[in-house]
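For reference, the structure discussed in these notes is given below.
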Amino acid sequence: MKIIDGKETAKLIKEEIKAEVAGIIDRGDDPPHLAAVIVGDDPASHTYVNGKEKACKLVGFTSSIYRMPDETTEQELLDVVTYLNNDPEIDGFIVQLPLPKHIDENKVLETIDPKKDVDGFHPVNIGRMALNLPSYLPATPYGILQLIEHYKIETEGKNVVVLGRSHIVGSPISILLGRKNNPGNATVTMCHSKTKGLKSIAKKADILIVAMGQPHFVTEDMVKKDAVVIDVGIHRVPSDETKSGFKLIGDVDFDRVASRTSYITPVPGGVGPMTIVSLLKNTLKASKKEVYS
């Protein structure tokens with residue numbers, strides 16, 4: 001069993017990005033500029049956005065954050081999105097989810113210019129991804145691909161089972177690993193809460209990707225011997241073992257499952273660190289106009 005170390009992989013990729021940005025600046029060009037819009041006071045969202053700002057500074061990006069109060073109207077947010085769409089100094093931006101309930105997330109995401117949609121959620125980018133055309137890939141699935149590539153995990157001809165069908169993780173990673181690409185060329189089965197015989201399907205997987213949003217959903221009886229297990233879930237649960245009184249766990253019961261696997265991601269320190277790295281890579285592509293000229 002080998003641990004897939006997302007923290008170390010992310011560190012290496014950040015160093016590569018930092019070196020490339022240094023070259024851009026040395027040529028007299030502006031560094032990539034990533035902006036984030038956050039509405040409301042959700043602590044997890046603020047922590048995530050602050051992490052993005054820190055990562056930007058580390059690699060030499062310019063970073064801007066637009067913090068808006070919870071009572072922000074939908075139109076006020078759409079006006080900010082339109083402003084960022086038209087700002088030539090902004091290469092890419094994200095609108096942090098979730099948004100307050102009185103704001104239509106789909107309407108906001110569809111208003112973002114696909115050329116600046118470095119989160120990869122706009123229907124145009126999702127469509128281009130499905131057609132295997134150049135696009136900004138959704139950050140978490142993109143991070144999973146990079147982990148698979150870094151650890152040289154073979155996907156061609158493999159039986160991949162994805163647990164979860166969200167538009168953020170499950171659906172896009174299913175598409176990506178089924179594409180004629182590397183990583184890719186896998187036979188992919190996507191399961192969800194309504195799937196019959198889910199446990200038996202999971203146990204046939206050569207690569208099991210878990211994004212169900214349920215703590216310790218996957219147990220050892222659901223994992224084939226020597227399977228690769230990638231855990232996307234993250235949950236804060238009470239714990240007497242830590243000073244803080246809580247710990248982070250995933251959708252996979254790591255302690256019981258790990259010994260059955262060939263590779264497995266821990267929580268924390270697995271997929272999570274790769275999400276921000278993917279956002280940086282998309283922004284770098286946007287600044288270089290690699291996807292849209």
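Identifiers for the structure tokens are assigned positionally: chains receive A, B, ... in sequence, residues are indexed from 1 per chain, and ligands are indexed from 1 in the order shown.
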
Polymer residues at most 8 Å from range 155-161 of chain A, only C-alpha atoms, same-chain spacing of 4 or more positions, as a PyMOL selection string:
chain A and resi 177+182-191+201-202+204-209

From a DSSP calculation on the backbone, collect every residue of range 3-104 of chain A in alpha helix (DSSP H) and output the set as number ranges by chain.
A: 6-26, 43-59, 74-86

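Residues in contact with Gly270 in chain A at up to 7 Å, not including ones fewer than 2 positions away on its chain and judged by only C-alpha atoms, are Ile4, Asp5, Gly6, Lys7, Thr265, Pro266, Val267, Pro268, Gly272 and Pro273 of chain A.
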
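Residue nearest Ile94 in chain A, chosen from A:Leu248, A:Met68, A:Leu34, A:Val39 and counting only C-alpha atoms: A:Leu34.
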
How far is it from CA of Phe121 in chain A to CA of Leu109 in chain A, in Å with one decimal?
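Taking CA of Phe121 in chain A as the start and CA of Leu109 in chain A as the end point, the length is 6.9 Å.
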
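Residues of range 52-174 of chain A that DSSP places in strand (DSSP E), based on the backbone of this structure, are Thr62, Ser63, Ser64, Ile65, Tyr66, Arg67, Met68, Gly92, Phe93, Ile94, Val95, Asn159, Val160, Val161, Val162 and Leu163 of chain A.
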
So that I can see what lies close to Tyr263 in chain A, please list as a PyMOL selection string the residues with an atom at most 6 Å from it, counting only C-alpha atoms and leaving out residues fewer than 4 positions away in the same chain.
chain A and resi 1-3+228

Could you write those residues out with C-alpha atoms, as a short mmCIF file (atom, residue, chain, number, x, y, z; two decimals), in the first residue's frame?
data_model
loop_
_atom_site.label_atom_id
_atom_site.label_comp_id
_atom_site.auth_asym_id
_atom_site.auth_seq_id
_atom_site.Cartn_x
_atom_site.Cartn_y
_atom_site.Cartn_z
CA MET A 1 0.00 0.00 0.00
CA LYS A 2 1.28 3.46 -0.98
CA ILE A 3 -0.06 6.78 0.24
CA VAL A 228 -6.60 2.30 -6.07
#

Between A:Arg260, A:Lys54, A:His167, A:Lys152, which has the minimum distance to Ala211 in chain A (counting only C-alpha atoms)?
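Among A:Arg260, A:Lys54, A:His167, A:Lys152, it is A:His167 that comes nearest to Ala211 in chain A.
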
Choose the residue, out of A:His102, A:Leu147, A:Ser287, A:Ile276, that has the smallest atom-to-atom separation from Asn50 in chain A; count only C-alpha atoms.
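The shortest atom-to-atom distance to Asn50 in chain A comes from A:Ile276.
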